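K.L.:
File follows, target_30.csv with CSV, C-alpha atoms and all ligand atoms:
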```csv
chain,number,residue,atom,x,y,z
A,1,MET,CA,153.8,-32.7,-11.1
A,2,THR,CA,152.3,-31.4,-14.3
A,3,GLN,CA,149.7,-33.7,-15.7
A,4,PRO,CA,150.5,-34.9,-19.3
A,5,VAL,CA,147.8,-34.2,-21.8
A,6,LEU,CA,149.2,-36.8,-24.2
A,7,GLU,CA,151.5,-39.8,-23.7
A,8,CYS,CA,152.8,-41.9,-26.6
A,9,LYS,CA,154.2,-45.2,-25.5
A,10,ASN,CA,156.4,-47.3,-27.8
A,11,ILE,CA,154.3,-46.5,-30.9
A,12,CYS,CA,155.1,-48.7,-33.9
A,13,PHE,CA,153.3,-48.5,-37.2
A,14,SER,CA,153.6,-50.0,-40.7
A,15,TYR,CA,151.5,-49.6,-43.8
A,16,HIS,CA,150.5,-52.7,-45.6
A,17,ASN,CA,149.5,-52.8,-49.3
A,18,LEU,CA,149.9,-54.9,-52.4
A,19,ASN,CA,153.6,-53.8,-52.7
A,20,GLY,CA,154.3,-55.1,-49.3
A,21,GLU,CA,155.1,-53.4,-46.0
A,22,THR,CA,156.2,-49.8,-45.4
A,23,LYS,CA,157.5,-49.4,-41.9
A,24,ALA,CA,156.7,-45.9,-40.8
A,25,LEU,CA,157.3,-45.6,-37.0
A,26,THR,CA,159.5,-47.4,-34.5
A,27,ASN,CA,159.2,-47.1,-30.8
A,28,ILE,CA,158.0,-43.6,-30.5
A,29,SER,CA,157.6,-42.5,-26.9
A,30,PHE,CA,157.1,-39.0,-25.5
A,31,GLN,CA,154.7,-37.0,-23.5
A,32,VAL,CA,153.2,-33.5,-23.9
A,33,ASN,CA,152.2,-31.5,-20.8
A,34,LYS,CA,149.3,-29.2,-20.5
A,35,GLY,CA,149.9,-25.8,-22.2
A,36,GLU,CA,153.0,-27.1,-24.0
A,37,PHE,CA,153.6,-26.2,-27.7
A,38,MET,CA,155.7,-28.9,-29.3
A,39,ALA,CA,157.0,-28.9,-32.9
A,40,ILE,CA,157.9,-32.1,-34.7
A,41,VAL,CA,160.5,-31.9,-37.5
A,42,GLY,CA,162.0,-34.7,-39.6
A,43,PRO,CA,163.0,-35.6,-43.1
A,44,SER,CA,160.3,-35.6,-45.7
A,45,GLY,CA,158.3,-38.9,-45.8
A,46,CYS,CA,159.7,-40.1,-42.4
A,47,GLY,CA,156.3,-40.6,-40.8
A,48,LYS,CA,155.3,-37.3,-39.2
A,49,SER,CA,151.7,-37.2,-40.6
A,50,THR,CA,151.3,-40.8,-39.7
A,51,LEU,CA,152.2,-40.1,-36.1
A,52,LEU,CA,149.7,-37.2,-36.0
A,53,SER,CA,147.0,-39.4,-37.5
A,54,ILE,CA,147.7,-42.0,-34.8
A,55,ILE,CA,147.5,-39.4,-32.0
A,56,ALA,CA,144.2,-38.2,-33.5
A,57,GLY,CA,142.9,-41.7,-33.5
A,58,LEU,CA,142.5,-41.9,-37.3
A,59,LEU,CA,145.0,-44.8,-37.5
A,60,ASN,CA,145.6,-47.5,-34.9
A,61,PRO,CA,149.1,-48.2,-33.8
A,62,GLU,CA,150.5,-51.6,-34.6
A,63,SER,CA,151.8,-51.8,-31.1
A,64,GLY,CA,152.2,-49.3,-28.3
A,65,GLU,CA,149.7,-47.0,-26.7
A,66,ILE,CA,148.3,-43.5,-26.9
A,67,LEU,CA,147.1,-42.1,-23.6
A,68,LEU,CA,145.1,-39.0,-23.5
A,69,ASN,CA,144.1,-37.1,-20.5
A,70,GLU,CA,140.5,-37.8,-19.8
A,71,GLN,CA,139.4,-34.2,-20.4
A,72,GLU,CA,141.1,-34.2,-23.8
A,73,GLN,CA,139.5,-37.4,-25.1
A,74,GLY,CA,137.3,-36.5,-28.0
A,75,HIS,CA,138.5,-32.9,-27.9
A,76,ILE,CA,141.2,-33.0,-30.5
A,77,GLY,CA,141.4,-30.2,-33.1
A,78,TYR,CA,143.1,-31.1,-36.3
A,79,MET,CA,144.3,-28.6,-38.9
A,80,LEU,CA,145.9,-29.5,-42.2
A,81,GLN,CA,147.7,-27.8,-45.0
A,82,GLN,CA,144.6,-27.1,-47.0
A,83,ASP,CA,142.0,-24.9,-45.4
A,84,HIS,CA,139.0,-27.1,-46.5
A,85,LEU,CA,136.6,-24.2,-46.1
A,86,LEU,CA,133.3,-24.7,-47.8
A,87,GLU,CA,133.0,-22.3,-50.8
A,88,TRP,CA,129.2,-21.8,-50.6
A,89,ARG,CA,129.2,-20.8,-47.0
A,90,THR,CA,130.3,-17.4,-45.6
A,91,ILE,CA,133.3,-17.2,-43.3
A,92,TRP,CA,130.9,-16.9,-40.3
A,93,LYS,CA,129.0,-20.0,-41.4
A,94,ASN,CA,132.2,-21.8,-42.0
A,95,ILE,CA,133.6,-21.2,-38.6
A,96,LEU,CA,130.4,-22.3,-36.9
A,97,LEU,CA,130.2,-25.5,-38.9
A,98,GLY,CA,131.5,-27.7,-36.1
A,99,PRO,CA,129.1,-26.5,-33.4
A,100,GLU,CA,126.2,-26.6,-35.9
A,101,ILE,CA,127.0,-30.2,-36.8
A,102,ASN,CA,127.3,-31.1,-33.1
A,103,LYS,CA,124.1,-29.3,-32.3
A,104,SER,CA,126.2,-27.3,-29.7
A,105,LEU,CA,125.7,-23.8,-31.3
A,106,THR,CA,125.1,-21.6,-28.3
A,107,ARG,CA,125.2,-17.9,-27.7
A,108,GLU,CA,128.6,-18.5,-25.9
A,109,LYS,CA,130.0,-20.2,-29.0
A,110,GLU,CA,128.9,-17.3,-31.2
A,111,LYS,CA,130.6,-14.9,-28.7
A,112,LEU,CA,133.8,-17.0,-28.9
A,113,ALA,CA,133.6,-17.0,-32.7
A,114,TYR,CA,133.3,-13.1,-32.7
A,115,LYS,CA,136.2,-12.8,-30.4
A,116,LEU,CA,138.4,-15.1,-32.5
A,117,LEU,CA,137.5,-13.3,-35.7
A,118,SER,CA,138.4,-10.0,-34.0
A,119,ASP,CA,141.7,-11.4,-32.6
A,120,TYR,CA,142.7,-12.6,-36.1
A,121,GLY,CA,141.7,-9.4,-37.8
A,122,LEU,CA,138.9,-11.0,-39.8
A,123,SER,CA,135.8,-9.3,-38.4
A,124,LYS,CA,135.3,-7.3,-41.6
A,125,PHE,CA,135.3,-10.5,-43.6
A,126,LYS,CA,132.7,-12.4,-41.6
A,127,ASP,CA,130.1,-12.2,-44.4
A,128,LYS,CA,132.5,-12.9,-47.3
A,129,LYS,CA,132.9,-16.2,-49.1
A,130,PRO,CA,136.2,-18.0,-48.8
A,131,ASN,CA,137.2,-17.2,-52.4
A,132,GLU,CA,137.1,-13.5,-51.6
A,133,LEU,CA,139.8,-13.9,-49.0
A,134,SER,CA,143.6,-14.2,-49.4
A,135,GLY,CA,145.4,-17.5,-48.7
A,136,GLY,CA,146.6,-16.3,-45.3
A,137,MET,CA,143.1,-15.1,-44.3
A,138,LYS,CA,141.6,-18.4,-45.3
A,139,GLN,CA,144.2,-20.3,-43.2
A,140,ARG,CA,143.4,-18.0,-40.2
A,141,ALA,CA,139.6,-18.7,-40.8
A,142,ALA,CA,140.4,-22.5,-40.8
A,143,LEU,CA,142.2,-22.2,-37.5
A,144,ILE,CA,139.3,-20.2,-36.0
A,145,ARG,CA,136.9,-23.0,-37.1
A,146,THR,CA,139.2,-25.4,-35.2
A,147,MET,CA,139.5,-23.2,-32.1
A,148,VAL,CA,135.8,-22.6,-31.9
A,149,MET,CA,135.5,-26.3,-30.9
A,150,GLU,CA,137.7,-25.5,-27.9
A,151,PRO,CA,140.0,-28.5,-28.4
A,152,GLY,CA,142.1,-29.7,-25.5
A,153,LEU,CA,144.8,-30.7,-27.9
A,154,LEU,CA,145.5,-29.0,-31.2
A,155,LEU,CA,147.2,-30.9,-34.0
A,156,LEU,CA,148.6,-28.9,-36.9
A,157,ASP,CA,150.1,-30.7,-39.9
A,158,GLU,CA,152.2,-28.3,-41.9
A,159,PRO,CA,149.4,-25.7,-41.8
A,160,PHE,CA,151.4,-22.9,-43.4
A,161,SER,CA,153.0,-24.9,-46.3
A,162,ALA,CA,150.6,-23.8,-49.0
A,163,LEU,CA,151.3,-20.1,-48.3
A,164,ASP,CA,153.9,-17.9,-49.9
A,165,TYR,CA,156.9,-17.0,-47.8
A,166,GLN,CA,155.9,-13.5,-46.7
A,167,THR,CA,152.4,-14.6,-45.8
A,168,ARG,CA,153.7,-17.7,-44.1
A,169,LEU,CA,155.9,-15.6,-41.8
A,170,SER,CA,153.1,-13.3,-40.7
A,171,VAL,CA,150.3,-16.0,-40.5
A,172,SER,CA,152.6,-18.3,-38.5
A,173,ALA,CA,153.6,-15.5,-36.2
A,174,ASP,CA,150.0,-14.5,-35.6
A,175,ILE,CA,148.8,-18.1,-35.1
A,176,GLY,CA,151.7,-18.8,-32.8
A,177,LYS,CA,150.9,-15.8,-30.6
A,178,ILE,CA,147.2,-16.7,-30.4
A,179,ILE,CA,147.9,-20.3,-29.5
A,180,ARG,CA,150.3,-19.2,-26.8
A,181,ALA,CA,147.9,-16.7,-25.4
A,182,SER,CA,145.1,-19.2,-25.3
A,183,GLY,CA,147.3,-21.6,-23.4
A,184,ILE,CA,146.1,-24.5,-25.5
A,185,THR,CA,148.3,-27.6,-25.8
A,186,ALA,CA,149.5,-27.9,-29.4
A,187,ILE,CA,151.6,-30.1,-31.7
A,188,LEU,CA,152.9,-28.5,-34.9
A,189,ILE,CA,154.4,-30.5,-37.7
A,190,THR,CA,156.6,-28.4,-39.9
A,191,HIS,CA,159.6,-28.8,-42.2
A,192,ASP,CA,160.7,-25.2,-41.5
A,193,LEU,CA,163.3,-25.3,-38.7
A,194,SER,CA,163.1,-21.6,-38.1
A,195,GLU,CA,159.3,-21.8,-37.7
A,196,ALA,CA,159.7,-24.7,-35.2
A,197,ILE,CA,162.2,-22.8,-33.1
A,198,SER,CA,160.4,-19.4,-33.1
A,199,LEU,CA,157.0,-20.9,-32.3
A,200,ALA,CA,157.5,-24.0,-30.1
A,201,ASP,CA,158.6,-24.6,-26.5
A,202,ARG,CA,160.2,-27.8,-27.6
A,203,VAL,CA,161.2,-29.5,-30.8
A,204,LEU,CA,161.0,-33.3,-31.3
A,205,VAL,CA,163.3,-34.4,-34.1
A,206,LEU,CA,162.4,-37.6,-36.0
A,207,SER,CA,164.9,-39.8,-37.9
A,208,LYS,CA,164.3,-40.9,-41.5
A,209,ARG,CA,161.8,-43.6,-42.1
A,210,PRO,CA,161.0,-45.7,-40.1
A,211,ALA,CA,160.9,-42.7,-37.7
A,212,ARG,CA,162.4,-43.0,-34.3
A,213,ILE,CA,163.0,-40.1,-31.9
A,214,LYS,CA,166.4,-38.6,-32.7
A,215,ASN,CA,166.3,-35.6,-30.4
A,216,ASP,CA,164.0,-33.7,-28.1
A,217,ILE,CA,165.2,-30.2,-27.7
A,218,PRO,CA,163.8,-27.6,-25.3
A,219,VAL,CA,163.6,-24.1,-26.7
A,220,HIS,CA,164.3,-21.2,-24.4
A,221,LEU,CA,164.6,-18.0,-26.2
A,222,THR,CA,165.2,-14.7,-24.5
A,223,LEU,CA,163.0,-12.8,-26.9
A,224,LYS,CA,160.2,-15.3,-27.1
A,225,ASP,CA,157.7,-13.2,-25.3
A,226,SER,CA,157.8,-10.3,-27.7
A,227,SER,CA,156.8,-12.1,-30.9
A,228,PRO,CA,157.7,-15.2,-32.9
A,229,LEU,CA,159.3,-12.9,-35.5
A,230,ALA,CA,161.4,-11.1,-33.0
A,231,ALA,CA,162.3,-14.4,-31.4
A,232,ARG,CA,164.3,-15.1,-34.6
A,233,ASN,CA,166.8,-12.5,-33.5
A,234,ALA,CA,167.3,-14.1,-30.1
A,235,PRO,CA,171.0,-14.9,-29.4
A,236,GLU,CA,170.2,-18.6,-28.9
A,237,PHE,CA,168.3,-18.9,-32.2
A,238,GLN,CA,171.2,-19.6,-34.5
A,239,ASP,CA,172.7,-22.3,-32.2
A,240,LEU,CA,169.4,-24.1,-32.1
A,241,PHE,CA,169.0,-23.8,-35.8
A,242,ASN,CA,172.5,-25.3,-36.4
A,243,LEU,CA,171.7,-28.2,-34.0
A,244,LEU,CA,168.5,-29.0,-35.8
A,245,TRP,CA,170.0,-28.6,-39.2
A,246,LYS,CA,172.8,-31.0,-38.3
A,247,ASP,CA,170.3,-33.6,-36.9
A,248,ILE,CA,168.3,-33.5,-40.1
A,249,SER,CA,171.2,-33.4,-42.5
A,250,ASP,CA,172.8,-36.4,-40.8
A,251,GLU,CA,169.6,-38.3,-41.6
A,252,TYR,CA,169.7,-37.3,-45.2
A,253,ASN,CA,173.4,-38.2,-45.4
A,254,GLY,CA,172.8,-41.5,-43.7
A,255,THR,CA,175.0,-40.9,-40.6
B,1,LIG,P1,155.7,-37.3,-43.6
B,1,LIG,O1,154.4,-36.7,-43.1
B,1,LIG,O2,156.8,-37.3,-42.6
B,1,LIG,O3,156.2,-36.7,-44.8
B,1,LIG,P2,154.0,-39.7,-43.8
B,1,LIG,O4,153.7,-40.0,-42.4
B,1,LIG,O5,153.0,-39.0,-44.7
B,1,LIG,O6,155.4,-38.8,-43.9
B,1,LIG,O7,154.5,-41.0,-44.6
B,1,LIG,C1,155.5,-41.9,-44.0
B,1,LIG,C2,155.8,-43.0,-45.0
B,1,LIG,O8,154.6,-43.8,-45.2
B,1,LIG,C3,156.1,-42.4,-46.4
B,1,LIG,O9,157.1,-43.2,-47.0
B,1,LIG,C4,154.8,-42.6,-47.2
B,1,LIG,O10,155.1,-42.9,-48.6
B,1,LIG,C5,154.2,-43.9,-46.6
B,1,LIG,N1,152.8,-43.9,-46.6
B,1,LIG,C6,151.9,-42.9,-46.2
B,1,LIG,N2,150.7,-43.2,-46.3
B,1,LIG,C7,150.7,-44.4,-46.8
B,1,LIG,C8,149.6,-45.4,-47.2
B,1,LIG,N3,148.3,-45.1,-47.1
B,1,LIG,N4,150.0,-46.6,-47.7
B,1,LIG,C9,151.3,-46.9,-47.9
B,1,LIG,N5,152.3,-46.1,-47.5
B,1,LIG,C10,152.0,-44.9,-47.0
B,2,MG,MG,153.3,-35.1,-43.8
```
Rewrite the structure of this file - the entire thing - as structure tokens.
P.N.:
Amino acid sequence: MTQPVLECKNICFSYHNLNGETKALTNISFQVNKGEFMAIVGPSGCGKSTLLSIIAGLLNPESGEILLNEQEQGHIGYMLQQDHLLEWRTIWKNILLGPEINKSLTREKEKLAYKLLSDYGLSKFKDKKPNELSGGMKQRAALIRTMVMEPGLLLLDEPFSALDYQTRLSVSADIGKIIRASGITAILITHDLSEAISLADRVLVLSKRPARIKNDIPVHLTLKDSSPLAARNAPEFQDLFNLLWKDISDEYNGT
């Protein structure tokens, strides 16, 4: 049997502040196997980022458990909508920030960083500062910085949302291909249903707040191996899109 990298068991969570309690998650249970690429979709404000923060260990669940495979503990990569690159450092210095802080900057790490820069078409920009790069390039650089840490589990919270549509299509396709080729286990939050279907092996649909799991849909596309953009032309794509669209619309319509 495949070993799960992550298991969420009956996760519940509420925010408490002066205005009272905001219930965000109810009884969320699922597991993610090694090498799986899962997308999470759900209405805006339903609790997606909260769930990711709990998985990352940044928030503690009110009840329930997060079980991480031993090898993955402490090896979580987290990438957000903003690239958070340091403006005064070159791209090269930015992507080696993690190993530098950890005092784990070895020749191997540098080799890996070179390889990733070349895979993402950024070798030429290695000595540039972030403000000399386009939004799409900066987002690629931010992902390289995360990947250099060789995380066992990669968490991506709407990483393409700040990009314009054209850039978003090409950056998400590139990143999707590289994540797939690396075999890394990944969870991607997105509000773009087409992106979820074209990139992920599986889409978890959350209900409106407080989020519960509404659906868990495996994605098998005949064209997946060619590229995430080509996958959008797969015959099954439209049916999956309609299924997800209905799930989410029902939530907004209160059915
Ligand atoms: P999503 O990522 O799905 O858009 P979030 O997980 O960010 O949703 O937020 C879920 C709900 O919890 C939202 O209604 C949001 O307003 C609320 N929320 C998020 N962070 C806090 C906080 N620090 N304090 C109180 N409420 C919060
Ligand atoms: Mg969010």
K.L.:
Compute the set of protein, DNA and RNA residues whose minimum atom distance to ligand MG 2 (chain B) is at most 12 Å, using all atoms listed in the file, and state it as a count of residues only.
P.N.:
26
K.L.:
Do you have the atom CA of Pro61 of chain A-atom CA of Ser207 of chain A distance handy?
P.N.:
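About the pair atom CA of Pro61 of chain A and atom CA of Ser207 of chain A: they are 18.4 Å apart.
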K.L.:
Please determine, counting only C-alpha atoms, which residue among A:Ser104, A:Pro130, A:Leu67, A:Ala113 has the shortest atom-to-atom distance to Leu85 of chain A.
P.N.:
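Distance minimum relative to Leu85 of chain A lands on A:Pro130.
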K.L.:
Mind pulling up the distance from atom CA of Ser123 of chain A to atom CA of Gly35 of chain A?
P.N.:
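Rounded to one decimal, the two atoms are 27.1 Å apart.
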K.L.:
When you count all atoms listed in the file, which of these residues is closest to His220 of chain A: A:Thr90, A:Ile197, A:Gly57, A:Lys208?
P.N.:
A:Ile197
K.L.:
For each of A:Phe30, A:Leu154, A:Tyr114, A:Met79, take the minimum atom-to-atom distance to Ile184 of chain A, counting only C-alpha atoms, then give the residue where this is smallest.
P.N.:
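Ranking A:Phe30, A:Leu154, A:Tyr114, A:Met79 by distance to Ile184 of chain A, first place goes to A:Leu154.
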K.L.:
Which residue gives the smallest distance to Arg89 of chain A among A:Asp127, A:Met137, A:Asn27, A:Thr146, with only C-alpha atoms counted?
P.N.:
A:Asp127
K.L.:
Would you compute the distance between atom CA of Lys111 of chain A and atom CA of Leu143 of chain A? Give it in Å to one decimal.
P.N.:
16.3 Å
K.L.:
Of the candidates A:Thr2, A:Glu110, A:Asp119, A:Asp164, which one gets nearest to Ser134 of chain A if we count only C-alpha atoms?
P.N.:
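Comparing A:Thr2, A:Glu110, A:Asp119, A:Asp164 against Ser134 of chain A, the winner is A:Asp164.
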K.L.:
Skipping near chain neighbours, those fewer than 6 positions away, what residues fall within 10 Å of Val171 of chain A using only C-alpha atoms, listed as a ChimeraX atom specification?
P.N.:
/A:120,135-137,139-140,159-160,163,165,177
K.L.:
Each side padded by 5 Å, which centre and which edge lengths in Å (one decimal) define the axis-aligned box around the listed atoms of ligand LIG 1 (chain B)? Give them as lines of an AutoDock Vina configuration file.
P.N.:
```
center_x = 152.7
center_y = -41.8
center_z = -45.5
size_x = 18.8
size_y = 20.2
size_z = 16.2
```
K.L.:
With only C-alpha atoms and all ligand atoms as the basis for distance, which of A:Ile55, A:Leu206, A:Met38, A:Ala230 is at the shortest distance from ligand LIG 1 (chain B)?
P.N.:
A:Leu206
K.L.:
Mind checking which residues fall within 7 Å of Ser14 of chain A, counting all atoms listed in the file, ignoring those fewer than 3 positions away in the same chain, and posting them as a PDB file with C-alpha atoms, in the frame of the given file?
P.N.:
```pdb
ATOM      1  CA  GLU A  21     155.100 -53.400 -46.000  1.00  0.00           C
ATOM      2  CA  THR A  22     156.200 -49.800 -45.400  1.00  0.00           C
ATOM      3  CA  LYS A  23     157.500 -49.400 -41.900  1.00  0.00           C
ATOM      4  CA  ALA A  24     156.700 -45.900 -40.800  1.00  0.00           C
ATOM      5  CA  LEU A  25     157.300 -45.600 -37.000  1.00  0.00           C
TER       6      LEU A  25
END
```
K.L.:
Contacts of Ile28 of chain A at 7 Å or less, counting only C-alpha atoms, minus same-chain residues fewer than 4 places along, as a VMD selection string?
P.N.:
chain A and resid 8 to 12 212 to 213
K.L.:
Could I see segment 221-246 of chain A restored to N, CA and C atoms, set down as a compact mmCIF listing (two decimals), in the frame of the given file?
P.N.:
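Saved to rebuild-v8.txt:
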```
# COMPACT_ATOMS: atom_id res chain seq x y z
N LEU A 221 164.12 -19.14 -25.54
CA LEU A 221 164.60 -18.00 -26.20
C LEU A 221 164.38 -16.74 -25.41
N THR A 222 165.39 -15.89 -25.28
CA THR A 222 165.20 -14.70 -24.50
C THR A 222 164.16 -13.74 -25.02
N LEU A 223 163.94 -13.78 -26.35
CA LEU A 223 163.00 -12.80 -26.90
C LEU A 223 161.62 -13.41 -27.21
N LYS A 224 161.38 -14.63 -26.73
CA LYS A 224 160.20 -15.30 -27.10
C LYS A 224 158.87 -14.56 -26.80
N ASP A 225 158.89 -13.84 -25.67
CA ASP A 225 157.70 -13.20 -25.30
C ASP A 225 157.25 -12.03 -26.15
N SER A 226 158.21 -11.45 -26.87
CA SER A 226 157.80 -10.30 -27.70
C SER A 226 157.00 -10.74 -28.88
N SER A 227 157.55 -11.54 -29.78
CA SER A 227 156.80 -12.10 -30.90
C SER A 227 157.60 -13.16 -31.58
N PRO A 228 156.92 -14.11 -32.27
CA PRO A 228 157.70 -15.20 -32.90
C PRO A 228 158.68 -14.62 -33.96
N LEU A 229 158.35 -13.46 -34.56
CA LEU A 229 159.30 -12.90 -35.50
C LEU A 229 160.51 -12.33 -34.85
N ALA A 230 160.27 -11.61 -33.72
CA ALA A 230 161.40 -11.10 -33.00
C ALA A 230 162.25 -12.18 -32.38
N ALA A 231 161.59 -13.32 -32.05
CA ALA A 231 162.30 -14.40 -31.40
C ALA A 231 163.43 -14.94 -32.36
N ARG A 232 163.25 -14.69 -33.66
CA ARG A 232 164.30 -15.10 -34.60
C ARG A 232 165.59 -14.38 -34.43
N ASN A 233 165.53 -13.24 -33.73
CA ASN A 233 166.80 -12.50 -33.50
C ASN A 233 167.38 -12.80 -32.12
N ALA A 234 166.78 -13.73 -31.39
CA ALA A 234 167.30 -14.10 -30.10
C ALA A 234 168.71 -14.67 -30.25
N PRO A 235 169.62 -14.41 -29.29
CA PRO A 235 171.00 -14.90 -29.40
C PRO A 235 171.09 -16.41 -29.54
N GLU A 236 170.12 -17.15 -28.92
CA GLU A 236 170.20 -18.60 -28.90
C GLU A 236 169.67 -19.23 -30.21
N PHE A 237 169.00 -18.40 -31.01
CA PHE A 237 168.30 -18.90 -32.20
C PHE A 237 169.22 -19.68 -33.13
N GLN A 238 170.34 -19.06 -33.47
CA GLN A 238 171.20 -19.60 -34.50
C GLN A 238 171.81 -20.98 -34.01
N ASP A 239 172.15 -21.07 -32.71
CA ASP A 239 172.70 -22.30 -32.20
C ASP A 239 171.68 -23.45 -32.30
N LEU A 240 170.43 -23.12 -31.96
CA LEU A 240 169.40 -24.10 -32.10
C LEU A 240 169.15 -24.54 -33.51
N PHE A 241 169.16 -23.54 -34.39
CA PHE A 241 169.00 -23.80 -35.80
C PHE A 241 170.08 -24.78 -36.29
N ASN A 242 171.34 -24.47 -35.92
CA ASN A 242 172.50 -25.30 -36.40
C ASN A 242 172.34 -26.74 -35.83
N LEU A 243 171.89 -26.83 -34.58
CA LEU A 243 171.70 -28.20 -34.00
C LEU A 243 170.68 -28.97 -34.74
N LEU A 244 169.54 -28.34 -35.04
CA LEU A 244 168.50 -29.00 -35.80
C LEU A 244 168.92 -29.36 -37.19
N TRP A 245 169.59 -28.40 -37.80
CA TRP A 245 170.00 -28.60 -39.20
C TRP A 245 170.98 -29.78 -39.27
N LYS A 246 171.86 -29.91 -38.28
CA LYS A 246 172.80 -31.00 -38.30
C LYS A 246 172.06 -32.34 -38.09
```
